[in-house]
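Listing of upload-v8.cif, mmCIF, C-alpha atoms
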data_run
#
loop_
_atom_site.label_atom_id
_atom_site.label_comp_id
_atom_site.auth_asym_id
_atom_site.auth_seq_id
_atom_site.Cartn_x
_atom_site.Cartn_y
_atom_site.Cartn_z
CA MET A 1 113.92 43.89 108.65
CA THR A 2 117.21 44.57 106.87
CA GLU A 3 118.01 48.07 105.64
CA SER A 4 117.98 47.06 101.96
CA ARG A 5 114.68 45.24 102.27
CA GLY A 6 113.16 48.08 104.28
CA ARG A 7 114.23 50.65 101.74
CA ARG A 8 112.94 48.53 98.85
CA GLU A 9 109.57 48.08 100.53
CA PHE A 10 109.44 51.80 101.29
CA MET A 11 109.92 52.64 97.62
CA GLN A 12 107.43 50.03 96.47
CA LEU A 13 104.81 51.35 98.86
CA LEU A 14 105.51 54.95 98.00
CA GLY A 15 105.37 54.89 94.22
CA LEU A 16 105.17 58.68 94.12
CA GLY A 17 107.18 61.78 94.82
CA GLY A 18 107.53 64.73 97.14
CA VAL A 19 109.51 63.00 99.85
CA VAL A 20 112.77 64.40 101.16
CA PHE A 21 114.23 61.54 103.17
CA ALA A 22 116.97 62.07 105.74
CA SER A 23 117.89 58.75 107.26
CA GLY A 24 119.81 57.58 110.29
CA LEU A 25 119.20 53.91 109.49
CA ALA A 26 122.07 51.51 110.04
CA GLY A 27 124.18 50.96 106.94
CA SER A 28 122.57 53.71 104.92
CA CYS A 29 125.37 56.25 105.47
CA THR A 30 122.75 58.95 105.89
CA ASN A 31 123.23 60.07 109.48
CA ILE A 32 122.53 63.63 110.49
CA LEU A 33 125.45 64.57 112.76
CA ARG A 34 127.15 67.62 114.17
CA LYS A 35 130.81 68.14 115.04
CA GLY A 36 131.43 66.03 118.10
CA GLY A 37 127.91 64.68 117.87
CA ALA A 38 127.00 61.50 119.67
CA GLN A 39 125.06 58.54 118.33
CA GLU A 40 121.98 59.62 120.26
CA ASP A 41 121.98 62.84 118.22
CA ASP A 42 121.40 60.98 114.93
CA PHE A 43 117.93 61.38 113.50
CA PHE A 44 115.97 61.38 110.29
CA PHE A 45 112.93 63.20 109.03
CA VAL A 46 110.62 63.02 106.02
CA GLN A 47 109.47 65.97 103.93
CA LEU A 48 106.28 65.69 101.89
CA SER A 49 105.36 68.46 99.48
CA ASP A 50 102.59 69.57 97.16
CA SER A 51 99.97 66.90 97.78
CA HIS A 52 97.23 69.14 96.30
CA TRP A 53 94.43 67.21 98.01
CA GLY A 54 91.23 67.79 96.04
CA PHE A 55 92.93 67.98 92.65
CA LYS A 56 91.12 66.23 89.82
CA GLY A 57 92.30 66.18 86.23
CA PRO A 58 94.21 64.42 83.46
CA PRO A 59 97.71 65.21 84.85
CA ASN A 60 97.07 62.58 87.56
CA PRO A 61 93.99 60.35 87.34
CA GLU A 62 95.17 58.69 90.59
CA ALA A 63 95.35 61.90 92.64
CA ALA A 64 92.78 60.62 95.14
CA ASN A 65 95.16 57.84 96.19
CA THR A 66 98.65 59.30 96.41
CA LEU A 67 98.38 61.08 99.77
CA ARG A 68 97.08 57.92 101.44
CA GLN A 69 99.88 55.94 99.81
CA ALA A 70 102.44 58.41 101.14
CA VAL A 71 101.05 58.04 104.68
CA ALA A 72 101.21 54.25 104.37
CA ALA A 73 104.76 54.44 103.05
CA VAL A 74 105.98 56.57 105.94
CA ASN A 75 104.27 54.28 108.44
CA ALA A 76 105.99 51.30 106.82
CA LEU A 77 109.51 52.66 107.24
CA PRO A 78 111.73 50.25 109.21
CA ALA A 79 112.38 53.04 111.72
CA THR A 80 110.06 55.86 112.76
CA PRO A 81 111.09 59.35 111.60
CA ASP A 82 111.56 61.94 114.31
CA PHE A 83 109.15 64.16 112.43
CA VAL A 84 107.35 64.74 109.14
CA VAL A 85 107.12 68.17 107.53
CA PHE A 86 104.65 69.14 104.80
CA THR A 87 106.01 72.07 102.79
CA GLY A 88 102.83 73.54 101.39
CA ASP A 89 100.03 73.09 98.89
CA LEU A 90 98.43 70.57 101.19
CA THR A 91 95.19 71.12 99.27
CA HIS A 92 94.30 72.24 95.77
CA THR A 93 92.95 75.75 95.38
CA THR A 94 89.24 76.50 95.14
CA ASP A 95 87.22 79.72 95.18
CA ASP A 96 84.54 77.98 97.28
CA GLU A 97 85.37 78.77 100.93
CA ALA A 98 83.30 75.86 102.23
CA GLU A 99 85.03 73.46 99.86
CA ARG A 100 88.43 74.87 100.86
CA ARG A 101 87.75 74.04 104.50
CA LYS A 102 86.33 70.65 103.57
CA ARG A 103 89.51 69.74 101.70
CA MET A 104 91.60 70.77 104.69
CA ARG A 105 89.49 68.62 107.02
CA GLU A 106 89.85 65.68 104.65
CA PHE A 107 93.61 66.22 104.44
CA LYS A 108 93.85 66.27 108.24
CA ALA A 109 91.81 63.08 108.52
CA ILE A 110 94.15 61.27 106.11
CA VAL A 111 97.42 62.41 107.69
CA ALA A 112 96.04 61.65 111.18
CA ASP A 113 97.00 58.05 110.38
CA LEU A 114 100.70 58.94 110.40
CA LYS A 115 102.49 57.04 113.14
CA VAL A 116 105.08 59.79 113.58
CA PRO A 117 105.27 61.65 116.91
CA LEU A 118 105.81 65.12 115.43
CA GLN A 119 104.22 66.66 112.35
CA TYR A 120 104.85 70.16 111.03
CA TYR A 121 102.81 72.00 108.42
CA MET A 122 103.07 75.14 106.34
CA PRO A 123 100.81 76.59 103.65
CA GLY A 124 101.27 76.83 99.92
CA GLU A 125 99.55 79.41 97.77
CA HIS A 126 96.82 76.87 96.99
CA ASP A 127 96.04 76.76 100.72
CA ALA A 128 96.36 80.40 101.65
CA SER A 129 96.61 83.06 98.95
CA LEU A 130 92.86 83.52 98.38
CA ASP A 131 92.03 84.28 102.02
CA GLN A 132 95.44 85.36 103.38
CA GLY A 133 95.75 82.07 105.25
CA LYS A 134 92.53 82.30 107.27
CA ALA A 135 91.23 78.78 106.61
CA TYR A 136 94.75 77.36 106.92
CA GLN A 137 95.24 78.92 110.35
CA GLU A 138 91.85 77.63 111.50
CA ASN A 139 92.96 74.11 110.67
CA PHE A 140 96.73 74.05 111.15
CA GLY A 141 97.76 77.06 113.24
CA ALA A 142 100.56 79.54 112.61
CA THR A 143 101.88 79.99 109.08
CA HIS A 144 105.42 80.77 110.25
CA TYR A 145 107.27 79.53 113.33
CA SER A 146 110.49 77.85 114.43
CA PHE A 147 111.59 74.84 116.45
CA ASP A 148 114.78 73.14 117.58
CA HIS A 149 115.55 69.46 117.18
CA LYS A 150 118.70 67.72 118.41
CA GLY A 151 121.02 70.64 117.88
CA ILE A 152 119.54 71.97 114.63
CA HIS A 153 117.38 75.08 114.43
CA PHE A 154 114.45 74.92 111.99
CA ALA A 155 112.56 77.98 110.73
CA VAL A 156 109.31 77.74 108.76
CA LEU A 157 108.55 80.77 106.56
CA ASP A 158 105.30 81.87 104.91
CA ASN A 159 105.75 83.37 101.44
CA VAL A 160 102.28 82.50 100.16
CA SER A 161 99.59 84.06 102.40
CA ASP A 162 100.36 87.41 100.82
CA PRO A 163 98.83 87.19 97.31
CA ALA A 164 101.86 89.15 96.07
CA ALA A 165 104.10 86.24 97.16
CA ALA A 166 106.00 88.30 99.73
CA LEU A 167 107.26 87.53 103.21
CA GLY A 168 106.62 91.06 104.45
CA ASP A 169 108.69 93.23 106.74
CA ASP A 170 107.04 91.90 109.90
CA GLN A 171 108.05 88.35 109.09
CA ILE A 172 111.57 89.43 108.14
CA ASP A 173 111.84 91.18 111.51
CA TRP A 174 110.53 88.04 113.21
CA LEU A 175 113.13 85.91 111.43
CA LEU A 176 115.94 88.20 112.54
CA ALA A 177 114.75 88.08 116.14
CA ASP A 178 114.41 84.30 115.95
CA LEU A 179 117.92 83.72 114.59
CA LYS A 180 119.77 86.47 116.43
CA PRO A 181 120.52 84.38 119.56
CA LEU A 182 122.17 81.64 117.46
CA ARG A 183 125.94 81.46 117.10
CA PRO A 184 127.28 82.21 113.60
CA GLU A 185 128.16 78.54 112.91
CA ALA A 186 124.84 77.14 114.16
CA PRO A 187 123.23 74.64 111.74
CA ILE A 188 119.99 76.12 110.43
CA VAL A 189 117.35 74.57 108.17
CA VAL A 190 114.69 76.77 106.58
CA PHE A 191 111.47 75.40 105.15
CA THR A 192 109.52 77.52 102.68
CA HIS A 193 107.01 76.84 99.94
CA ARG A 194 108.15 79.09 97.13
CA PRO A 195 111.85 79.49 96.30
CA LEU A 196 113.33 82.49 98.10
CA PHE A 197 115.45 83.34 95.06
CA ASP A 198 114.27 84.32 91.57
CA LEU A 199 114.17 80.93 89.89
CA ALA A 200 111.56 81.81 87.24
CA PRO A 201 109.53 84.92 88.15
CA ALA A 202 107.54 84.67 84.91
CA TRP A 203 106.30 81.31 86.13
CA ASP A 204 105.60 82.62 89.64
CA TRP A 205 108.65 80.73 90.94
CA ALA A 206 110.06 83.44 93.17
CA THR A 207 109.43 85.42 96.35
CA LYS A 208 108.95 89.17 95.92
CA ASP A 209 111.17 90.08 98.87
CA GLY A 210 113.04 86.80 99.16
CA SER A 211 116.35 88.59 98.71
CA LYS A 212 115.82 90.26 102.10
CA ALA A 213 115.57 86.85 103.78
CA ILE A 214 118.60 85.57 101.88
CA ASP A 215 120.65 88.61 102.86
CA LEU A 216 119.69 88.07 106.48
CA LEU A 217 120.48 84.34 106.38
CA GLN A 218 123.94 85.04 104.95
CA HIS A 219 125.02 86.10 108.46
CA TRP A 220 125.02 82.42 109.48
CA LYS A 221 127.52 79.98 108.02
CA ASN A 222 125.52 76.74 107.86
CA VAL A 223 122.10 77.38 106.31
CA THR A 224 120.12 75.03 104.07
CA VAL A 225 116.72 75.81 102.54
CA PHE A 226 114.21 73.14 101.50
CA TYR A 227 111.18 74.19 99.48
CA GLY A 228 108.43 72.85 97.21
CA HIS A 229 106.16 74.62 94.70
CA ILE A 230 108.06 73.74 91.50
CA HIS A 231 107.25 69.99 91.57
CA GLN A 232 110.76 68.83 90.66
CA GLU A 233 114.27 68.40 91.98
CA HIS A 234 116.36 71.54 91.75
CA HIS A 235 119.58 72.72 93.44
CA PHE A 236 120.81 76.30 93.67
CA LYS A 237 123.16 78.36 95.82
CA THR A 238 122.95 81.99 96.89
CA GLY A 239 126.34 82.68 98.42
CA GLU A 240 126.89 79.87 100.92
CA ILE A 241 123.18 79.04 101.25
CA ALA A 242 122.04 75.88 99.47
CA HIS A 243 118.44 75.67 98.21
CA HIS A 244 116.85 72.31 97.34
CA ALA A 245 113.41 71.77 95.80
CA ALA A 246 111.26 68.70 96.44
CA THR A 247 109.20 66.80 93.92
CA SER A 248 105.42 66.70 94.19
CA LEU A 249 102.88 64.13 95.30
CA VAL A 250 100.53 64.90 92.42
CA PHE A 251 102.34 65.62 89.11
CA PRO A 252 105.70 66.96 87.86
CA LEU A 253 106.21 70.32 86.22
CA PRO A 254 108.71 71.09 83.43
CA ALA A 255 112.16 72.55 84.02
CA PRO A 256 112.14 76.32 84.61
CA MET A 257 111.27 78.26 81.43
CA SER A 258 111.79 75.16 79.28
CA LYS A 259 108.32 75.48 77.77
CA PRO A 260 106.36 78.44 76.43
CA LYS A 261 103.86 77.97 79.26
CA ARG A 262 104.05 76.41 82.71
CA ALA A 263 101.78 73.35 82.74
CA PRO A 264 101.84 69.87 84.31
CA VAL A 265 103.83 67.23 82.50
CA PRO A 266 101.19 65.11 80.71
CA TRP A 267 100.21 61.85 82.39
CA ASP A 268 101.83 58.82 80.82
CA PRO A 269 100.00 55.62 81.85
CA ALA A 270 103.03 53.59 80.75
CA HIS A 271 105.22 55.56 83.18
CA PRO A 272 102.89 56.81 85.93
CA ARG A 273 105.77 57.49 88.35
CA ARG A 274 107.94 59.46 85.95
CA GLY A 275 109.12 62.69 87.56
CA LEU A 276 108.19 61.48 91.03
CA GLY A 277 110.70 60.36 93.62
CA PHE A 278 112.29 60.95 96.98
CA ARG A 279 115.59 62.26 98.24
CA GLU A 280 117.89 60.91 100.93
CA ILE A 281 119.82 63.50 102.94
CA SER A 282 122.95 62.76 104.91
CA VAL A 283 125.52 64.79 106.80
CA ASP A 284 129.22 64.01 106.84
CA GLU A 285 130.23 64.74 110.43
CA SER A 286 133.87 65.42 109.70
CA ARG A 287 133.15 68.05 107.02
CA LEU A 288 129.63 69.15 107.97
CA VAL A 289 128.48 68.37 104.44
CA LEU A 290 124.97 67.38 103.42
CA LYS A 291 124.82 64.51 100.94
CA LEU A 292 121.63 64.40 98.92
CA LYS A 293 120.70 61.46 96.74
CA GLN A 294 117.65 61.66 94.51
CA ASP A 295 115.96 58.31 93.93
CA SER A 296 113.61 57.81 91.01
CA LEU A 297 110.59 55.57 91.49
CA GLU A 298 109.95 55.03 87.80
CA ASN A 299 112.17 51.95 87.70
CA LEU A 300 112.35 50.21 91.05
CA ALA A 301 115.08 47.91 89.76
CA ALA A 302 117.45 50.87 89.25
CA VAL A 303 116.48 53.61 91.65
CA GLN A 304 119.70 55.57 92.13
CA THR A 305 119.79 58.46 89.71
CA GLY A 306 122.11 61.04 91.18
CA ALA A 307 123.77 62.61 94.18
CA TYR A 308 124.53 66.12 95.35
CA GLU A 309 126.74 67.54 98.07
CA THR A 310 126.32 70.87 99.80
CA GLY A 311 127.64 72.58 102.90
CA PHE A 312 125.59 72.47 106.06
#

For this file, produce the structure as structure tokens.
Amino acid sequence: MTESRGRREFMQLLGLGGVVFASGLAGSCTNILRKGGAQEDDFFFVQLSDSHWGFKGPPNPEAANTLRQAVAAVNALPATPDFVVFTGDLTHTTDDEAERRKRMREFKAIVADLKVPLQYYMPGEHDASLDQGKAYQENFGATHYSFDHKGIHFAVLDNVSDPAAALGDDQIDWLLADLKPLRPEAPIVVFTHRPLFDLAPAWDWATKDGSKAIDLLQHWKNVTVFYGHIHQEHHFKTGEIAHHAATSLVFPLPAPMSKPKRAPVPWDPAHPRRGLGFREISVDESRLVLKLKQDSLENLAAVQTGAYETGF
């Protein structure tokens, strides 16, 4: 399968958003490389965010299908990702504890069809804030952890299990201990659900003590943060740290504070994919620069809608 055909089929199968796509496919110019890196170090991963399994409502009458479509799309990629990461709100919130666990079991059954060797999960507030992450941990394990992959250190943070949307001092201390052995120029990727910075506190788009994590991360030169929660593409920098939001798998939300009230963008049957898309991430080896390209799925005949560069 050629790269162009594979990419086209991927987009046609996907038809929805919430995917951050970092590709090492031939000809795509989206290799993840380090200084002096070898070809065997190239890799790509897929980020899925805000699937809200269990959601029912007018903002997306097709919500029961999109997670399965995302799994099929990832499985249909012309090359297998090294890993898939889900950045929170796996399920839609419910006060019914039995229903909460049922939705998590259903989510796990659907994503079990992924043909990807490694899968990483983290909670969103819909998964964890009502019971401080108890049901989530029963089904998915730790809410914060780290791992290394081909020369890059990844840290997964939990800023949702605390109903006050805080990381907490214990987790900040853990993050410091986790990163302390790394050299100052080490490439670090952080996954979190909420933005660590104050994007729109009035809309609950912030982390109460996120500034503590940002201050800590500033001690390393090559840090990138990927998050979800806001259901749209967004780019922001705090010092040298770049923050990038992913779109959702269920419905888009309006730009920060652009409306009197935060509410899903109304469903438009004529444009069911509007506001949904995926992002390709590449690294320029010579400059250690991430290149992000956001692709819209609304019009498959003209998918390229923008690009963004940031230090890595």

On this structure, which residues satisfy the PyMOL selection byres ((chain A and resi 231) around 9), written as a ChimeraX atom specification?
-> /A:17-18,49-50,228-230,232-233,245-254,275-276

Figure out the distance between atom CA of A:Val265 and atom CA of A:Val156, please, to one decimal in Å.
-> 28.8 Å

Local residues around (126.0, 83.6, 101.8), at most 8 Å away, using only C-alpha atoms, as a PDB file with C-alpha atoms, keeping the file's coordinate frame:
ATOM      1  CA  ILE A 214     118.600  85.570 101.880  1.00  0.00           C
ATOM      2  CA  ASP A 215     120.650  88.610 102.860  1.00  0.00           C
ATOM      3  CA  LEU A 217     120.480  84.340 106.380  1.00  0.00           C
ATOM      4  CA  GLN A 218     123.940  85.040 104.950  1.00  0.00           C
ATOM      5  CA  HIS A 219     125.020  86.100 108.460  1.00  0.00           C
ATOM      6  CA  TRP A 220     125.020  82.420 109.480  1.00  0.00           C
ATOM      7  CA  LYS A 221     127.520  79.980 108.020  1.00  0.00           C
ATOM      8  CA  THR A 238     122.950  81.990  96.890  1.00  0.00           C
ATOM      9  CA  GLY A 239     126.340  82.680  98.420  1.00  0.00           C
ATOM     10  CA  GLU A 240     126.890  79.870 100.920  1.00  0.00           C
ATOM     11  CA  ILE A 241     123.180  79.040 101.250  1.00  0.00           C
TER      12      ILE A 241
END

Contacts of A:Glu106 at 10 Å or less, counting only C-alpha atoms, minus same-chain residues fewer than 4 places along, as a list of chain:residue names?
->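 Final neighbour list, sorted by chain and number: A:Trp53, A:Gly54, A:Thr91, A:Arg101, A:Lys102, A:Ile110, A:Val111, A:Ala112.
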
Provide the atom CA of A:Asp89 to atom CA of A:Tyr121 distance in Å, to one decimal place.
-> 10.0 Å

Using only C-alpha atoms, which residues sit within 10 Å of A:Pro201 once same-chain residues fewer than 6 positions away are excluded, as a ChimeraX atom specification?
-> /A:207-208,256-257

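We find atom CA of A:Ala206 and atom CA of A:Leu90 to be spaced 19.1 Å apart.
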
For the file shown, report as an NGL selection string the outcome of the PyMOL selection byres ((chain A and resi 196) around 9) at residue level.
-> :A and (159 or 192-195 or 197-199 or 205-211 or 213-214 or 225 or 227 or 243)
